[in-house]
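Student: Mind having a look at this structure? Questions to follow.
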Amino acid sequence: MLSRSYLNFNMLNFEDLPAITNHSMNRIPRVITAPGIISDFEVDSNAADEDATVPSVVSPQRLIVVANQLPVKGFRSDDEGKWCFELDKDALVLQLKDGFPPETEVFYVGSLKGVEISDPKEQEEVSRFLLERFRCVPAFLQPEIHNKFYHGFCKHYLWPLFHYKLPMSPINQGNGYDSTHWQAYVSANKIFADKITEILTEILNPDDDFVWVHDYHLMILPTILRKRFPRVKLGFFLHSPFPSSEIYRTIPVRELILKGLLNSDLIGFHTFDYARHFLSCCSRMLGLDYRSKRGYIGLEYYGRTVSIKILPVGIHMGQLEYVMSLPETSEKVSKLREQFEGKILMVGVDDMDVLKGISFKFLAMGQLLEEKPDLRGKVVLIQITNAPRSWGKDVQEVQSETHWIADEINHKYGKPGYEPIVFIDGPISTVDKVAYYAIADCCVVNAVWDGMNLMPYEYTVCRQGSPVLDEALGIDHGSSVAKSSVIIVSEFIGCSPSLSGAIRVNPWNVNSVAEAMIMATRMSEVEKQMRHEKHYKYISSHDVAYWARSFDQDLKRACADHHVKRCWGMGFGLGFRVVALGPDFRKLSVDHIASAYRKAKSRLILLDYDGTVMPQAEVDKAPNDEVISILNGLCSDLKNVVFIVSGRGRDSLSKWFSPCEKLGISAEHGYFTRWGKDSRWETNMVTTDFEWKKIVRPIMEHYMEATDGSFVDQKETAMVWHHQAADPDFAVCQAKELLDHLENVLANEPAVVKRGQHLVEVKPQGVSKGIVVENVIAAMRSKGDTPDFLLCIGDDRSDEEMFDSIARAVSNRSLPATAELFACTVGQKPSMAKYYLDDTYDVINLLQGLAKASGQELEVPQFQDCFPRGSLGLLT
């Protein structure tokens with residue numbers, strides 16, 4: 001059954017996506033009988049009625065896990081040549097199920113690793129078998145699309161770039177941006193989305209069930225799904241690093257990828273560094289700021305709060321402990337123990353890849369042997385390499401280089417019966433890997449960049465041992481001998497922050513790596529035990545089930561208010577996003593307000609200036625002729641009292657609005673107020689002591705000199721430090737520091753420090769825009785002209801004071817109970833206002849409509865070129 005949100009969105013097509021040439025996409029069978037039974041045919045309504053007496057069992061939670069590859073292994077049978085499949089128990093997306101309640105239904109969507117099936121009939125057979133047997137739905141990619149998508153865009157462009165390897169020469173290195181690879185990436189993501197759509201519409205409910213997408217292969221998938229299902233409960237976890245903004249900004253399609261991630265409800269990262277880089281990119285490229293509240297980080301994105309999750313993935317303890325208990329593991333440990341008797345063993349397990357730092361590790365081993373002759377013949381480095389995930393010239397070069405370095409060191413320092421570097425070309429079995437971990441005194445993970453790397457976790461658990469391993473190692477299981485281990489880990493690996501007892505090294509500094517190896521060989525047994533105990537306690541409590549359960553809980557929290565949100569779709573293609581608003585927060589339109597405006601006998605209109613009547617980005621801040629014409633039209637209506645309420649100084653406001661004779665102006669947040677051009681300026685006499693400006697001026701000037709792009713605006717009663725043109729990240733830090741600095745030095749002065757949009761302001765105590773509202777209403781009431789219509793529009797934090805004052809005026813009955821009140825903020829964001837307008841263009845349109853309602857014939861403001869509009873469609 002299609003959800004209502006999907007039906008509403010179904011008319012919005014992805015016209016600008018690359019054409020999908022794979023015509024063999026077959027729909028999956030539908031669930032129409034008892035839970036867990038998959039039928040090949042639909043059941044008609046009569047049959048459904050007959051089975052109505054059968055109680056249906058509804059799972060408390062249903063989830064689709066989406067990754068590039070399904071957690072299954074495929075191979076041809078020897079006898080009939082048919083495809084056979086089995087679960088890949090090492091697959092992370094399969095292991096994470098342990099974090100959910102047993103009754104949770106989990107479906108998997110992904111491609112089949114190493115399996116090419118082009119025949120549509122065979123694809124259908126395989127799809128049906130995988131769904132019925134494993135709840136897996138394969139996404140079949142044509143070889144050309146798969147090659148350009150995975151080997152082209154993902155492995156040879158995105159993956160190196162996310163690991164800080166920039167393509168300096170795309171022609172020579174072959175790893176630069178290629179638009180055809182990007183089109184294949186989009187096409188592949190859409191094929192995945194098609195499969196998810198089939199599950200959501202035929203088996204699950206897109207408004208109730210969850211989707212969890214994994215890794216950089218599918219970063220635009222959230223946009224495609226959000227366009228089809230605006231209320232889909234969608235989480236995304238990035239398993240690779242997220243690079244700094246300087247690196248990320250080199251991607252030609254950078255905004256589309258960022259917006260793709262932001263169409264998720266929850267985005268997960270392994271470390272704070274990765275999350276910080278993502279947030280910095282959102283700030284620099286999209287102008288989005290994040291907030292931290294009660295331990296949760298969130299980005300406000302068109303009325304939706306996109307939550308940020310920071311938690312490294314863990315390992316599957318049960319699976320590793322099972323392998324450790326096998327007799328064959330014990331046998332392998334006994335053989336290795338005999339082979340390396342009396343040796344100090346170091347172990348490393350890495351993919352054969354340019355970023356794994358294997359060459360640096362070997363050079364450090366050579367330096368150790370050079371500097372410490374007494375360790376020759378005693379220390380052995382066992383290096384196990386897994387096959388590369390994608391082939392290329394760079395992989396061939398690093399493979400040749402590592403083998404050459406290993407051979408050189410073995411030739412120089414080796415001797416009969418002793419080989420310093422034991423180089424094992426893998427992959428090897430899990431049993432063998434566990435055995436090597438169990439006998440190794442130290443593990444070395446020396447990658448120059450790596451998203452996570454769970455090898456140190458596995459090593460620590462294996463060193464903790466089991467009764468079977470203890471017996472093979474000659475340890476009395478009943479004894480109280482504490483276990484020990486040493487970890488040398490690169491500081492550029494995602495697991496490094498969580499291993500507080502590890503020896504952290506800079507992999508590029510061969511000397512420091514060699515010193516760490518020497519330190520590991522000389523370390524006392526007590527210290528090894530203490531480090532091991534600290535690591536094992538963390539690793540055993542933060543396993544993959546804990547990680548999945550924590551992410552699932554945060555995803556539910558992030559989606560808790562979906563059912564109460566009203567949604568709009570904005571933008572085209574991959575620039576699409578959903579505007580989600582609360583039930584009481586709606587867009588203000590001329591049609592909505594016109595009736596109340598015409599009926600009113602006394603009206604009060606309060607307008608902020610910068611960001612409301614005048615765009616923030618404009619260099620010339622003076623109002624144009626159209627704005628002046630509209631304001632004069634409103635002021636000419638005898639029922640209207642119109643005020644500009646601004647933080648700007650009275651001199652500039654007086655000059656700019658001199659053509660508006662009846663316009664009221666409140667300058668410097670209400671310290672100066674006049675009711676018209678011919679009226680005198682009234683002063684808020686709460687204070688006349690401005691000695692504090694002598695303290696503030698040198699401090700602000702110091703921060704101005706230290707922050708390129710900032711400037712100080714000195715007013716009659718206030719001082720403002722502006723940082724809109726400064727570096728966003730640095731400016732935010734400086735603004736926080738300046739705020740703290742000023743609050744400390746002005747603690748006993750009659751002044752307050754406020755943080756605004758791209759500014760820090762110091763102004764007298766008792767002065768605010770909220771007091772302006774109170775004073776104007778009080779003045780109108782004293783003349784017997786209490787407003788029964790009030791419109792207030794503003795865009796930043798200082799304008800929230802006006803909205804708050806209006807709410808208080810209603811509660812204390814300063815305004816009549818029948819008064820029509822319209823508090824309106826500019827932009828979809830959390831606000832005390834009940835209404836919003838998208839931007840300055842909407843504000844001018846609204847004011848022009850009200851001026852026409854007053855009987856004024858005005859020209860339409862020509863702002864279309866200044867403020868481009870996005871497409872907007874209402875969704876129920």
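Letters A, B, ... mark the chains of the structure tokens in the order given; residue numbers begin at 1 per chain; ligand numbers begin at 1, in order shown.
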Return as number ranges by chain the full set of residues in range 69-268 of chain A whose backbone-based DSSP assignment is helix (DSSP H, G or I).
Tutor: A: 92-99, 120-134, 143-162, 170-173, 179-202, 216-218, 221-228, 245-248, 254-262
Student: I'd like the contact shell of Cys660 in chain A - 8 Å cut-off, only C-alpha atoms, skipping same-chain residues fewer than 4 positions apart - returned as a PyMOL selection string.
Tutor: chain A and resi 628+631-632+635+677
Student: Kindly assemble as JSON lines a list of the range 216-263 of chain A residues that lie within 9 Å of range 155-167 of chain A, each paired with its nearest atom pair and their distance in Å to one decimal, using only C-alpha atoms, sorted first by chain and then by ascending residue number.
Tutor:
```
{"residue": "A:Tyr216", "atom": "CA", "partner": "A:Leu158", "partner_atom": "CA", "distance": 7.8}
{"residue": "A:His217", "atom": "CA", "partner": "A:Leu158", "partner_atom": "CA", "distance": 8.8}
{"residue": "A:Ser240", "atom": "CA", "partner": "A:Phe162", "partner_atom": "CA", "distance": 7.2}
{"residue": "A:Pro241", "atom": "CA", "partner": "A:Phe162", "partner_atom": "CA", "distance": 6.0}
{"residue": "A:Phe242", "atom": "CA", "partner": "A:Phe162", "partner_atom": "CA", "distance": 5.8}
{"residue": "A:Pro243", "atom": "CA", "partner": "A:Phe162", "partner_atom": "CA", "distance": 5.2}
{"residue": "A:Ser244", "atom": "CA", "partner": "A:Tyr164", "partner_atom": "CA", "distance": 8.5}
{"residue": "A:Ile247", "atom": "CA", "partner": "A:Tyr164", "partner_atom": "CA", "distance": 6.7}
{"residue": "A:Tyr248", "atom": "CA", "partner": "A:Phe162", "partner_atom": "CA", "distance": 7.5}
{"residue": "A:Thr250", "atom": "CA", "partner": "A:Leu166", "partner_atom": "CA", "distance": 8.5}
{"residue": "A:Ile251", "atom": "CA", "partner": "A:Leu161", "partner_atom": "CA", "distance": 8.7}
```
Student: Using only C-alpha atoms, can you tell me which of A:Gly766, A:Pro728, A:Pro615, A:Gly303 comes closest to Pro583 in chain A?
Tutor: A:Gly303
Student: Which of these residues is nearest to Arg577 in chain A, using only C-alpha atoms: A:Gly366, A:Pro456, A:Pro312, A:Gly260?
Tutor: A:Gly260
